[in-house]
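S.K.: Provided below: my_file22.csv, containing CSV, C-alpha atoms and all ligand atoms.
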chain,number,residue,atom,x,y,z
T,1,MET,CA,-36.8,-1.3,-6.0
T,2,ASN,CA,-35.9,-4.7,-4.6
T,3,VAL,CA,-35.0,-7.8,-6.5
T,4,ALA,CA,-38.5,-9.1,-6.6
T,5,ARG,CA,-39.5,-6.2,-8.8
T,6,ALA,CA,-36.6,-6.6,-11.2
T,7,ILE,CA,-38.0,-7.5,-14.6
T,8,ASN,CA,-34.8,-8.1,-16.5
T,9,ILE,CA,-31.1,-8.8,-15.9
T,10,GLU,CA,-30.3,-5.1,-16.4
T,11,ASP,CA,-32.5,-4.2,-13.4
T,12,LEU,CA,-30.5,-6.7,-11.3
T,13,ARG,CA,-27.3,-5.2,-12.6
T,14,ARG,CA,-28.5,-1.7,-11.5
T,15,LEU,CA,-29.5,-3.0,-8.1
T,16,ALA,CA,-26.0,-4.6,-7.7
T,17,ARG,CA,-24.4,-1.4,-8.7
T,18,ARG,CA,-26.4,0.5,-6.1
T,19,ARG,CA,-25.6,-1.9,-3.3
T,20,LEU,CA,-21.9,-2.6,-3.9
T,21,PRO,CA,-18.9,-0.4,-3.5
T,22,ARG,CA,-17.6,0.7,-6.8
T,23,LEU,CA,-14.4,-1.3,-6.2
T,24,MET,CA,-16.5,-4.5,-6.0
T,25,PHE,CA,-19.1,-3.7,-8.7
T,26,ASP,CA,-16.4,-2.8,-11.3
T,27,TRP,CA,-14.6,-6.1,-10.6
T,28,ILE,CA,-17.8,-8.0,-11.6
T,29,ASP,CA,-18.9,-5.7,-14.4
T,30,GLY,CA,-15.6,-4.8,-16.1
T,31,GLY,CA,-13.7,-6.3,-19.0
T,32,ALA,CA,-10.1,-6.4,-20.2
T,33,GLY,CA,-8.6,-3.4,-22.1
T,34,ASP,CA,-11.0,-1.4,-24.2
T,35,LYS,CA,-13.8,-3.9,-23.2
T,36,THR,CA,-14.3,-4.8,-26.9
T,37,ALA,CA,-14.4,-8.6,-26.2
T,38,LEU,CA,-17.0,-8.0,-23.5
T,39,GLU,CA,-19.2,-5.6,-25.4
T,40,GLN,CA,-19.0,-7.4,-28.7
T,41,SER,CA,-20.0,-10.7,-27.0
T,42,VAL,CA,-23.1,-9.1,-25.6
T,43,ALA,CA,-23.8,-7.1,-28.8
T,44,GLN,CA,-23.5,-10.2,-31.1
T,45,PHE,CA,-26.3,-11.9,-29.1
T,46,SER,CA,-28.6,-8.9,-29.3
T,47,ALA,CA,-27.9,-8.5,-33.0
T,48,ALA,CA,-28.9,-12.1,-33.7
T,49,ARG,CA,-32.4,-12.5,-35.2
T,50,LEU,CA,-34.6,-15.5,-34.8
T,51,SER,CA,-37.1,-16.6,-37.4
T,52,PRO,CA,-40.6,-17.2,-36.1
T,53,ARG,CA,-42.7,-20.1,-37.3
T,54,TYR,CA,-46.4,-19.7,-36.7
T,55,LEU,CA,-49.6,-21.8,-36.8
T,56,VAL,CA,-47.9,-24.3,-34.5
T,57,ASP,CA,-49.4,-25.7,-31.3
T,58,ILE,CA,-47.1,-24.3,-28.7
T,59,SER,CA,-49.3,-24.9,-25.7
T,60,LYS,CA,-47.0,-27.4,-24.1
T,61,ARG,CA,-43.3,-26.5,-24.0
T,62,SER,CA,-40.2,-28.1,-22.5
T,63,LEU,CA,-37.0,-26.4,-21.5
T,64,ALA,CA,-35.4,-29.6,-20.3
T,65,LYS,CA,-32.0,-30.7,-21.6
T,66,SER,CA,-29.8,-33.7,-21.0
T,67,LEU,CA,-26.1,-33.3,-20.5
T,68,PHE,CA,-23.5,-36.0,-19.7
T,69,GLY,CA,-26.3,-38.5,-19.2
T,70,ARG,CA,-28.3,-36.5,-16.8
T,71,ASP,CA,-31.5,-34.5,-17.2
T,72,TYR,CA,-31.7,-30.9,-16.2
T,73,ALA,CA,-34.9,-28.8,-16.1
T,74,LEU,CA,-33.1,-26.0,-18.0
T,75,PRO,CA,-30.6,-25.7,-20.8
T,76,PHE,CA,-28.4,-23.3,-18.8
T,77,GLY,CA,-26.5,-23.1,-15.6
T,78,VAL,CA,-24.2,-20.9,-13.6
T,79,ALA,CA,-20.6,-20.3,-14.9
T,80,PRO,CA,-17.8,-20.4,-12.3
T,81,MET,CA,-17.2,-17.0,-10.7
T,82,GLY,CA,-14.5,-16.4,-8.1
T,83,ASN,CA,-14.7,-14.3,-5.0
T,84,ALA,CA,-18.5,-14.3,-5.1
T,85,GLY,CA,-18.7,-14.4,-1.3
T,86,MET,CA,-17.2,-10.9,-1.2
T,87,PHE,CA,-20.3,-9.5,-2.8
T,88,TRP,CA,-22.9,-11.2,-0.6
T,89,THR,CA,-22.0,-13.3,2.3
T,90,GLY,CA,-22.3,-17.0,1.4
T,91,ALA,CA,-23.0,-16.2,-2.3
T,92,ASP,CA,-21.4,-19.4,-3.6
T,93,LEU,CA,-23.8,-21.5,-1.6
T,94,LEU,CA,-26.8,-19.3,-2.4
T,95,MET,CA,-26.1,-19.6,-6.1
T,96,ALA,CA,-25.7,-23.4,-5.7
T,97,GLN,CA,-29.1,-23.4,-3.9
T,98,ALA,CA,-30.8,-21.4,-6.6
T,99,ALA,CA,-29.3,-23.7,-9.2
T,100,ARG,CA,-30.5,-26.8,-7.3
T,101,GLU,CA,-34.0,-25.3,-7.0
T,102,ALA,CA,-34.0,-24.5,-10.7
T,103,ASP,CA,-32.6,-28.0,-11.4
T,104,ALA,CA,-29.6,-26.6,-13.3
T,105,PRO,CA,-25.9,-27.1,-13.0
T,106,PHE,CA,-23.7,-24.8,-10.9
T,107,ILE,CA,-20.0,-24.6,-11.5
T,108,LEU,CA,-18.2,-23.8,-8.3
T,109,SER,CA,-15.2,-21.6,-9.0
T,110,GLY,CA,-11.7,-22.7,-8.0
T,111,ALA,CA,-11.5,-19.3,-6.2
T,112,THR,CA,-14.5,-20.0,-4.1
T,113,VAL,CA,-15.2,-18.7,-0.6
T,114,ALA,CA,-17.3,-21.8,0.2
T,115,THR,CA,-15.5,-25.1,0.5
T,116,ILE,CA,-15.9,-27.8,-2.1
T,117,GLU,CA,-17.6,-30.0,0.5
T,118,GLU,CA,-20.1,-27.3,1.5
T,119,ALA,CA,-21.1,-26.6,-2.1
T,120,ALA,CA,-21.4,-30.3,-2.9
T,121,ALA,CA,-23.6,-30.8,0.1
T,122,THR,CA,-25.8,-27.7,-0.7
T,123,ALA,CA,-26.7,-28.9,-4.1
T,124,PRO,CA,-26.0,-32.6,-4.5
T,125,GLY,CA,-25.9,-33.7,-8.1
T,126,HIS,CA,-25.8,-30.1,-9.4
T,127,VAL,CA,-22.3,-28.9,-8.5
T,128,TRP,CA,-19.4,-29.1,-10.9
T,129,LEU,CA,-16.0,-28.0,-9.8
T,130,GLN,CA,-13.8,-25.6,-11.8
T,131,ILE,CA,-10.1,-25.6,-11.1
T,132,TYR,CA,-7.3,-23.1,-11.6
T,133,PRO,CA,-4.2,-25.2,-11.3
T,134,ALA,CA,-1.9,-24.1,-8.5
T,135,ARG,CA,1.9,-23.6,-8.6
T,136,ASP,CA,2.1,-26.4,-6.1
T,137,ARG,CA,0.8,-29.3,-8.2
T,138,LYS,CA,-0.1,-31.3,-5.0
T,139,ILE,CA,-2.8,-28.7,-4.2
T,140,THR,CA,-4.4,-29.2,-7.6
T,141,GLN,CA,-4.3,-32.9,-7.2
T,142,ASP,CA,-5.9,-32.6,-3.8
T,143,PHE,CA,-8.7,-30.4,-5.2
T,144,ILE,CA,-9.4,-33.2,-7.7
T,145,ALA,CA,-9.4,-35.8,-4.9
T,146,ARG,CA,-11.7,-33.7,-2.7
T,147,ALA,CA,-14.1,-33.2,-5.6
T,148,GLU,CA,-14.4,-36.9,-6.1
T,149,ALA,CA,-14.8,-37.6,-2.4
T,150,ALA,CA,-17.6,-34.9,-2.3
T,151,GLY,CA,-19.5,-36.7,-5.0
T,152,ILE,CA,-18.9,-34.1,-7.7
T,153,GLU,CA,-19.2,-35.7,-11.2
T,154,THR,CA,-17.8,-33.0,-13.5
T,155,LEU,CA,-14.5,-31.2,-13.4
T,156,VAL,CA,-13.9,-28.0,-15.4
T,157,VAL,CA,-10.3,-26.9,-16.2
T,158,THR,CA,-10.0,-23.3,-17.1
T,159,VAL,CA,-7.2,-22.6,-19.5
T,160,ASP,CA,-7.6,-19.0,-20.6
T,161,LEU,CA,-5.7,-17.3,-17.8
T,162,PRO,CA,-2.0,-17.6,-18.7
T,163,LEU,CA,-1.3,-14.3,-16.8
T,164,PRO,CA,-3.3,-11.7,-14.9
T,165,ALA,CA,-5.7,-9.7,-17.0
T,166,LYS,CA,-5.3,-6.0,-17.6
T,167,ARG,CA,-8.7,-4.8,-16.4
T,168,GLU,CA,-8.3,-1.1,-16.3
T,169,ARG,CA,-11.2,-0.2,-13.9
T,170,ASP,CA,-9.6,-2.6,-11.4
T,171,ILE,CA,-6.2,-1.1,-11.8
T,172,ARG,CA,-7.6,2.4,-11.3
T,173,ASN,CA,-9.7,1.3,-8.3
T,174,GLY,CA,-6.8,-0.6,-6.7
T,175,PHE,CA,-8.6,-3.9,-6.6
T,176,GLY,CA,-6.5,-6.8,-5.4
T,177,LEU,CA,-6.6,-9.8,-3.1
T,178,PRO,CA,-6.7,-9.5,-0.2
T,179,ILE,CA,-8.6,-6.3,-0.2
T,180,THR,CA,-6.4,-3.5,1.2
T,181,TYR,CA,-7.8,-0.2,2.5
T,182,ASN,CA,-7.1,3.5,1.8
T,183,PHE,CA,-9.1,6.6,2.1
T,184,ALA,CA,-10.9,6.2,-1.3
T,185,LYS,CA,-11.9,2.6,-0.5
T,186,ILE,CA,-13.2,3.5,2.9
T,187,LEU,CA,-15.2,6.3,1.5
T,188,ASP,CA,-16.5,4.0,-1.2
T,189,ALA,CA,-17.6,1.5,1.5
T,190,ALA,CA,-19.2,4.3,3.6
T,191,LEU,CA,-21.3,5.3,0.7
T,192,HIS,CA,-22.6,1.7,0.4
T,193,PRO,CA,-23.7,1.0,4.0
T,194,ALA,CA,-25.8,-2.1,3.3
T,195,TRP,CA,-22.9,-4.0,1.8
T,196,THR,CA,-20.4,-2.6,4.4
T,197,ALA,CA,-22.6,-3.7,7.3
T,198,GLN,CA,-22.8,-7.2,5.9
T,199,TRP,CA,-19.0,-7.3,5.3
T,200,LEU,CA,-18.2,-6.2,8.8
T,201,ARG,CA,-20.8,-8.4,10.4
T,202,SER,CA,-19.3,-11.5,8.7
T,203,GLY,CA,-15.8,-10.6,9.7
T,204,GLY,CA,-14.3,-8.7,6.7
T,205,MET,CA,-12.3,-10.4,4.1
T,206,PRO,CA,-13.9,-13.8,3.7
T,207,LYS,CA,-11.7,-16.9,3.8
T,208,MET,CA,-11.3,-18.6,0.4
T,209,GLY,CA,-12.7,-21.9,1.8
T,210,ALA,CA,-11.2,-24.3,-0.7
T,211,TRP,CA,-7.7,-22.9,-0.2
T,212,ALA,CA,-7.8,-22.5,3.6
T,213,ALA,CA,-6.6,-26.1,4.1
T,214,TYR,CA,-3.2,-25.3,2.5
T,215,ALA,CA,-2.6,-21.8,3.9
T,216,GLY,CA,-1.5,-23.0,7.4
T,217,GLU,CA,-3.4,-23.7,10.6
T,218,GLY,CA,-5.7,-20.8,11.6
T,219,ALA,CA,-4.8,-18.5,8.7
T,220,SER,CA,-7.0,-15.4,8.5
T,221,GLY,CA,-9.1,-14.4,5.4
T,222,GLU,CA,-6.3,-12.1,4.4
T,223,GLU,CA,-3.6,-14.8,4.8
T,224,VAL,CA,-5.6,-17.3,2.8
T,225,ALA,CA,-6.2,-14.8,0.0
T,226,ARG,CA,-2.5,-13.9,-0.1
T,227,PHE,CA,-1.6,-17.6,-0.2
T,228,MET,CA,-4.1,-18.3,-3.0
T,229,THR,CA,-2.8,-15.3,-5.0
T,230,SER,CA,0.8,-16.6,-4.6
T,231,GLN,CA,-0.3,-19.9,-6.2
T,232,PHE,CA,-1.8,-18.4,-9.3
T,233,PHE,CA,-0.6,-18.3,-12.9
T,234,PRO,CA,1.6,-21.4,-13.0
T,235,VAL,CA,2.8,-22.6,-16.4
T,236,HIS,CA,0.1,-25.0,-17.4
T,237,THR,CA,0.4,-27.2,-20.4
T,238,TRP,CA,-1.1,-30.1,-22.3
T,239,ALA,CA,0.9,-32.4,-20.0
T,240,ASP,CA,-1.0,-31.1,-17.0
T,241,LEU,CA,-4.3,-31.7,-18.8
T,242,GLU,CA,-3.2,-35.3,-19.4
T,243,LEU,CA,-2.4,-35.7,-15.7
T,244,TYR,CA,-5.9,-34.4,-14.7
T,245,ARG,CA,-7.4,-36.8,-17.1
T,246,ARG,CA,-5.6,-39.7,-15.5
T,247,LEU,CA,-6.5,-38.5,-12.0
T,248,TRP,CA,-10.2,-37.6,-12.6
T,249,LYS,CA,-12.6,-40.4,-13.2
T,250,GLY,CA,-15.7,-38.2,-13.9
T,251,LYS,CA,-16.5,-36.0,-16.8
T,252,LEU,CA,-13.7,-33.6,-17.8
T,253,VAL,CA,-14.6,-30.3,-19.4
T,254,ILE,CA,-12.1,-27.7,-20.7
T,255,LYS,CA,-13.1,-24.0,-20.5
T,256,GLY,CA,-11.8,-21.2,-22.6
T,257,LEU,CA,-10.4,-22.8,-25.7
T,258,GLN,CA,-10.8,-20.7,-28.8
T,259,HIS,CA,-8.9,-22.5,-31.6
T,260,PRO,CA,-10.4,-25.5,-33.4
T,261,GLU,CA,-7.1,-27.3,-33.3
T,262,ASP,CA,-6.9,-26.9,-29.5
T,263,ALA,CA,-10.5,-28.2,-29.3
T,264,ARG,CA,-9.5,-31.3,-31.3
T,265,ARG,CA,-6.5,-31.9,-29.1
T,266,ALA,CA,-8.5,-31.5,-25.9
T,267,VAL,CA,-10.9,-34.2,-27.1
T,268,ALA,CA,-8.0,-36.4,-28.1
T,269,ALA,CA,-6.7,-36.0,-24.6
T,270,GLY,CA,-10.0,-37.2,-23.2
T,271,CYS,CA,-12.1,-34.1,-22.5
T,272,GLU,CA,-15.8,-34.9,-22.8
T,273,GLY,CA,-16.9,-31.2,-23.0
T,274,ILE,CA,-15.6,-27.9,-24.1
T,275,ILE,CA,-16.9,-24.5,-22.8
T,276,VAL,CA,-16.5,-22.1,-25.7
T,277,SER,CA,-15.8,-18.9,-23.7
T,278,ASN,CA,-13.8,-15.7,-23.8
T,279,HIS,CA,-14.0,-15.5,-20.0
T,280,GLY,CA,-16.8,-12.9,-20.4
T,281,GLY,CA,-14.3,-10.5,-22.1
T,282,ARG,CA,-12.5,-10.2,-18.8
T,283,GLN,CA,-9.1,-11.6,-19.8
T,284,PHE,CA,-8.2,-10.9,-23.4
T,285,ASP,CA,-9.6,-7.9,-25.2
T,286,ARG,CA,-8.9,-9.2,-28.7
T,287,ALA,CA,-10.4,-12.6,-28.1
T,288,PRO,CA,-13.2,-13.7,-30.5
T,289,THR,CA,-16.8,-13.7,-29.3
T,290,PRO,CA,-18.1,-17.1,-28.2
T,291,LEU,CA,-20.7,-17.0,-31.0
T,292,ALA,CA,-18.0,-16.4,-33.5
T,293,THR,CA,-15.8,-19.3,-32.1
T,294,LEU,CA,-18.6,-21.8,-31.8
T,295,PRO,CA,-19.0,-23.0,-35.4
T,296,ALA,CA,-15.3,-23.8,-36.0
T,297,VAL,CA,-15.0,-25.6,-32.6
T,298,LYS,CA,-18.2,-27.6,-33.4
T,299,ALA,CA,-16.9,-28.5,-36.8
T,300,ALA,CA,-13.6,-29.6,-35.4
T,301,VAL,CA,-14.9,-32.0,-32.7
T,302,GLY,CA,-18.3,-33.0,-34.2
T,303,ASP,CA,-20.2,-35.2,-31.8
T,304,LYS,CA,-17.1,-36.3,-29.9
T,305,ALA,CA,-17.6,-33.8,-27.1
T,306,ALA,CA,-20.4,-31.7,-25.7
T,307,ILE,CA,-20.0,-28.0,-26.8
T,308,LEU,CA,-21.0,-25.6,-24.1
T,309,LEU,CA,-20.9,-21.9,-24.3
T,310,ASP,CA,-20.7,-18.8,-22.0
T,311,GLY,CA,-20.2,-15.1,-22.4
T,312,GLY,CA,-22.5,-12.3,-23.0
T,313,VAL,CA,-25.8,-13.9,-22.1
T,314,ARG,CA,-28.2,-11.3,-20.7
T,315,ARG,CA,-31.5,-12.5,-22.0
T,316,GLY,CA,-33.4,-15.8,-22.4
T,317,ALA,CA,-33.4,-15.1,-26.1
T,318,ASP,CA,-29.6,-15.2,-26.0
T,319,ILE,CA,-29.7,-18.8,-24.7
T,320,VAL,CA,-32.0,-19.7,-27.6
T,321,VAL,CA,-29.6,-18.1,-30.1
T,322,ALA,CA,-26.7,-20.1,-28.6
T,323,LEU,CA,-28.6,-23.4,-28.7
T,324,ALA,CA,-29.8,-22.7,-32.3
T,325,SER,CA,-26.2,-21.9,-33.2
T,326,GLY,CA,-25.1,-25.4,-32.1
T,327,ALA,CA,-24.3,-25.1,-28.4
T,328,ASP,CA,-25.4,-28.1,-26.4
T,329,PHE,CA,-25.7,-26.1,-23.2
T,330,VAL,CA,-25.2,-22.5,-22.0
T,331,PHE,CA,-23.7,-21.0,-18.9
T,332,CYS,CA,-24.4,-17.6,-17.4
T,333,GLY,CA,-21.9,-15.6,-15.4
T,334,ARG,CA,-22.7,-12.0,-14.5
T,335,ALA,CA,-26.5,-12.5,-15.1
T,336,ILE,CA,-26.7,-14.6,-12.0
T,337,LEU,CA,-23.9,-12.8,-10.1
T,338,TYR,CA,-25.7,-9.5,-10.4
T,339,GLY,CA,-28.7,-11.1,-8.9
T,340,VAL,CA,-26.9,-12.6,-5.9
T,341,ALA,CA,-24.9,-9.5,-5.3
T,342,ALA,CA,-28.1,-7.4,-5.4
T,343,GLY,CA,-30.2,-9.6,-3.1
T,344,GLY,CA,-28.6,-12.9,-2.0
T,345,LEU,CA,-30.7,-16.0,-2.7
T,346,ALA,CA,-33.8,-14.0,-3.7
T,347,GLY,CA,-31.6,-12.2,-6.3
T,348,ALA,CA,-30.1,-15.4,-7.7
T,349,THR,CA,-33.5,-17.0,-7.9
T,350,ARG,CA,-34.9,-13.9,-9.6
T,351,ALA,CA,-32.1,-14.1,-12.2
T,352,PHE,CA,-33.1,-17.7,-12.9
T,353,ASP,CA,-36.8,-16.8,-13.1
T,354,ILE,CA,-36.2,-14.0,-15.5
T,355,LEU,CA,-34.0,-16.0,-17.8
T,356,ARG,CA,-36.4,-19.0,-17.7
T,357,ASP,CA,-39.4,-16.9,-18.5
T,358,GLU,CA,-37.6,-15.1,-21.4
T,359,LEU,CA,-36.4,-18.4,-22.8
T,360,ASP,CA,-39.8,-19.9,-22.6
T,361,ARG,CA,-41.4,-16.9,-24.3
T,362,THR,CA,-38.8,-16.9,-27.0
T,363,ILE,CA,-39.3,-20.5,-28.0
T,364,ALA,CA,-43.1,-20.1,-28.0
T,365,GLN,CA,-42.7,-17.0,-30.2
T,366,ILE,CA,-40.7,-18.9,-32.8
T,367,GLY,CA,-43.0,-22.0,-32.8
T,368,ILE,CA,-40.6,-24.3,-31.0
T,369,THR,CA,-42.0,-26.6,-28.3
T,370,SER,CA,-38.7,-28.0,-26.9
T,371,VAL,CA,-35.3,-26.5,-26.6
T,372,ASP,CA,-34.0,-29.9,-27.8
T,373,ALA,CA,-35.5,-29.1,-31.2
T,374,LEU,CA,-33.6,-25.8,-31.7
T,375,ASN,CA,-31.2,-25.8,-34.6
T,376,ALA,CA,-30.0,-23.3,-37.3
T,377,ASP,CA,-33.4,-23.2,-38.9
T,378,ALA,CA,-34.5,-20.9,-36.0
T,379,LEU,CA,-31.9,-18.4,-37.0
T,380,GLN,CA,-32.7,-15.8,-39.6
T,381,ARG,CA,-30.9,-16.8,-42.8
T,401,LIG,C1,-16.8,-11.8,-11.3
T,401,LIG,C2,-16.4,-12.9,-12.2
T,401,LIG,C3,-15.5,-13.9,-11.7
T,401,LIG,C4,-15.1,-14.9,-12.5
T,401,LIG,N1,-14.3,-15.9,-12.0
T,401,LIG,C5,-14.1,-17.0,-12.8
T,401,LIG,C6,-13.4,-18.1,-12.2
T,401,LIG,O1,-13.1,-18.1,-11.0
T,401,LIG,N2,-13.2,-19.2,-13.0
T,401,LIG,C7,-13.5,-19.2,-14.3
T,401,LIG,O2,-13.3,-20.2,-15.0
T,401,LIG,N3,-14.2,-18.2,-14.9
T,401,LIG,C8,-14.5,-17.1,-14.1
T,401,LIG,N4,-15.2,-16.1,-14.7
T,401,LIG,C9,-15.7,-16.2,-16.1
T,401,LIG,C10,-17.0,-16.9,-16.1
T,401,LIG,O3,-16.9,-18.3,-15.7
T,401,LIG,C11,-17.7,-16.8,-17.5
T,401,LIG,O4,-16.7,-17.3,-18.4
T,401,LIG,C12,-18.1,-15.4,-17.9
T,401,LIG,O5,-18.6,-14.7,-16.7
T,401,LIG,C13,-19.2,-15.5,-18.9
T,401,LIG,O6,-19.5,-14.2,-19.3
T,401,LIG,P1,-20.8,-13.5,-18.8
T,401,LIG,O7,-20.5,-12.9,-17.5
T,401,LIG,O8,-21.0,-12.4,-19.8
T,401,LIG,O9,-22.0,-14.5,-18.7
T,401,LIG,C14,-15.6,-15.0,-13.9
T,401,LIG,C15,-16.5,-14.1,-14.3
T,401,LIG,C16,-16.9,-13.0,-13.5
T,401,LIG,C17,-17.9,-12.0,-14.1
Kindly return the structure encoded in the file as structure tokens.
M.R.:
Amino acid sequence: MNVARAINIEDLRRLARRRLPRLMFDWIDGGAGDKTALEQSVAQFSAARLSPRYLVDISKRSLAKSLFGRDYALPFGVAPMGNAGMFWTGADLLMAQAAREADAPFILSGATVATIEEAAATAPGHVWLQIYPARDRKITQDFIARAEAAGIETLVVTVDLPLPAKRERDIRNGFGLPITYNFAKILDAALHPAWTAQWLRSGGMPKMGAWAAYAGEGASGEEVARFMTSQFFPVHTWADLELYRRLWKGKLVIKGLQHPEDARRAVAAGCEGIIVSNHGGRQFDRAPTPLATLPAVKAAVGDKAAILLDGGVRRGADIVVALASGADFVFCGRAILYGVAAGGLAGATRAFDILRDELDRTIAQIGITSVDALNADALQR
């Protein structure tokens, strides 16, 4: 099967698993600890029931949604995902292109292989930048300045990584940056020749583009990855957030807050958006699910900030559930990454097509003609 014949996200996941070495696939697919945060986030979406209303003219439907004063054709976009270029050469830019063609936002990860400037030029008006603050604060400030110079309008600060996650599949597989080699990994690569041929053709460990500028003249992919890793997990506090607010003139979004009091404080500090997220269950196994967190965060901030949500979306119907539950916009992580890892641009586009089609069918089925009209009435009481 190729990506064109995938009929759902699970098909794309299977294709990605087939193509990628286990070391790589597990890094995408895995979760922290017992994976309960990951599994429950997915399960809570599929357990949600929607309440159909019939005898409504649903012949014309709209999936368009405005966010931060701009119209998008869809109410969902791509969540930031680091290292994507290791799974398919150029994956960051291919996902940006798919998002541009779908007229949806694409959040470029702070651990991107593409540079900030390349991504912004690939999908003007669609790229947001996510940052992981660096130990060297000057680098973070430079990321912010580069984003502004590249015409990016929305900055996302991810706060839910105070330390490295305990993802047990990665520990067992020996996943780390830069990628190191041993017999098991070489065998793993040999069993996945399509991925391996592409990896070798493009020169092995890709250069983390946004970080290359700080790693020293002519640094190799390995050296840049080592440098980036050495900059991770700084102590990062509300004072830093206030600094970013002063430096960044565009929209500021905070990603990964769970507690309503933190949400209130982020809005008071000038954030215009909050991504309710448990990092796709990758970071903290005992984190609440995004659907469980959403109502309290929404109640805490009211209309003072846009409430965005990610984590566990595998079906278009999940997007409907999130919007009906009060999210203003939804982001998809693995659903798109499985696509690009399975088949590059065609796979990312296929993921968008699948989710769009399922979303459209779902609203039609429940008698809704515009995603803007979704509210708690659509949920089974
Ligand atoms: C492979 C992978 C890499 C990720 N890298 C980042 C990252 O660099 N920055 C970030 O804020 N979140 C990162 N995330 C979390 C996503 O932005 C998002 O919160 C999560 O994937 C949503 O869950 P879902 O995959 O179930 O949609 C990553 C997720 C995955 C799967």
S.K.: List as a compact mmCIF listing (two decimals) with C-alpha atoms, in the coordinates of the input the protein and nucleic acid residues near region 242-247 of chain T, meaning an atom at most 12 Å away when all atoms listed in the file are counted, but skip any in the same chain fewer than 5 places from it.
M.R.:
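What landed in selection-v5.txt:
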# COMPACT_ATOMS: atom_id res chain seq x y z
CA ILE T 131 -10.10 -25.60 -11.10
CA TYR T 132 -7.30 -23.10 -11.60
CA PRO T 133 -4.20 -25.20 -11.30
CA ARG T 137 0.80 -29.30 -8.20
CA LYS T 138 -0.10 -31.30 -5.00
CA THR T 140 -4.40 -29.20 -7.60
CA GLN T 141 -4.30 -32.90 -7.20
CA ASP T 142 -5.90 -32.60 -3.80
CA PHE T 143 -8.70 -30.40 -5.20
CA ILE T 144 -9.40 -33.20 -7.70
CA ALA T 145 -9.40 -35.80 -4.90
CA ARG T 146 -11.70 -33.70 -2.70
CA ALA T 147 -14.10 -33.20 -5.60
CA GLU T 148 -14.40 -36.90 -6.10
CA THR T 154 -17.80 -33.00 -13.50
CA LEU T 155 -14.50 -31.20 -13.40
CA VAL T 156 -13.90 -28.00 -15.40
CA VAL T 157 -10.30 -26.90 -16.20
CA HIS T 236 0.10 -25.00 -17.40
CA THR T 237 0.40 -27.20 -20.40
CA LEU T 252 -13.70 -33.60 -17.80
CA VAL T 253 -14.60 -30.30 -19.40
CA ILE T 254 -12.10 -27.70 -20.70
CA ARG T 265 -6.50 -31.90 -29.10
CA ALA T 266 -8.50 -31.50 -25.90
CA VAL T 267 -10.90 -34.20 -27.10
CA ALA T 268 -8.00 -36.40 -28.10
CA ALA T 269 -6.70 -36.00 -24.60
CA GLY T 270 -10.00 -37.20 -23.20
CA CYS T 271 -12.10 -34.10 -22.50
CA GLU T 272 -15.80 -34.90 -22.80
S.K.: Could you list, with a cut-off of 6 Å and counting only C-alpha atoms and all ligand atoms, the residues of chain T near ligand LIG 401 (chain T), each shown with its nearest atom pair and the distance in Å rounded to one decimal, rows sorted by chain and ascending number, as a tab-separated table?
M.R.:
residue	atom	partner	partner_atom	distance
T:Ile28	CA	T:LIG401	C1	3.9
T:Ala79	CA	T:LIG401	O3	4.3
T:Pro80	CA	T:LIG401	O3	4.1
T:Met81	CA	T:LIG401	N1	3.4
T:Gly82	CA	T:LIG401	O1	3.6
T:Ser109	CA	T:LIG401	O1	4.5
T:Gly110	CA	T:LIG401	O1	5.7
T:Ala111	CA	T:LIG401	O1	5.2
T:Thr158	CA	T:LIG401	O2	5.0
T:Ser277	CA	T:LIG401	O4	5.6
T:His279	CA	T:LIG401	O4	3.6
T:Gly280	CA	T:LIG401	O6	3.2
T:Asp310	CA	T:LIG401	C13	4.8
T:Gly311	CA	T:LIG401	O6	3.3
T:Gly312	CA	T:LIG401	O8	3.5
T:Val313	CA	T:LIG401	O9	5.1
T:Cys332	CA	T:LIG401	O9	4.1
T:Gly333	CA	T:LIG401	O9	3.5
T:Arg334	CA	T:LIG401	O7	3.8
S.K.: I'd like the neighbourhood of Ala324 (chain T) as JSON, numbers by chain, where a residue qualifies if any of its atoms comes within 8 Å (using all atoms listed in the file), though same-chain residues fewer than 3 positions away should be ignored.
M.R.: {"T": [320, 321, 327, 374, 375, 376, 377, 378, 379]}
S.K.: For the atom pair CA of Ala32 (chain T) and CA of Ser230 (chain T), what is the interatomic distance in Å to one decimal place?
M.R.: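 So the two atoms, CA of Ala32 (chain T) and CA of Ser230 (chain T), lie 21.6 Å apart.
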S.K.: Just want the 9 Å neighbourhood of region 87-100 of chain T, counted on all atoms listed in the file, with same-chain residues fewer than 2 positions away dropped. Output as a ChimeraX atom specification.
M.R.: /T:16,20,24-25,77-78,81-85,102-109,112-114,118-120,122-127,195,198-199,202,206,336-337,340-346,348-349,352
S.K.: Just to confirm, what's the straight-line distance from CA of Arg282 (chain T) to CA of Gln40 (chain T) in Å (one decimal)?
M.R.: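 Those two atoms sit 12.2 Å apart.
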S.K.: (-19.7, -35.0, -24.6) in this file's frame - what residues fall within 10 Å of it? Use only C-alpha atoms and give the answer as JSON, numbers by chain.
M.R.: {"T": [67, 68, 69, 251, 252, 253, 267, 271, 272, 273, 274, 301, 302, 303, 304, 305, 306, 307, 308, 328]}
S.K.: Work out how far apart CA of Ala317 (chain T) and CA of Gln44 (chain T) are and give it in Å to one decimal.
M.R.: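 It comes out at 12.1 Å.
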S.K.: Smallest atom-to-atom distance to Ala165 (chain T): which of T:Ile363, T:Gly250, T:Phe233, T:Trp238, using all atoms listed in the file?
M.R.: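 Selected residue with least distance to Ala165 (chain T): T:Phe233.
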S.K.: Quick one: everything within 7 Å of region 48-54 of chain T, counting only C-alpha atoms, minus sequence neighbours fewer than 2 positions away in the same chain. Send it as a PyMOL selection string.
M.R.: chain T and resi 44-46+56+365-367+378-380
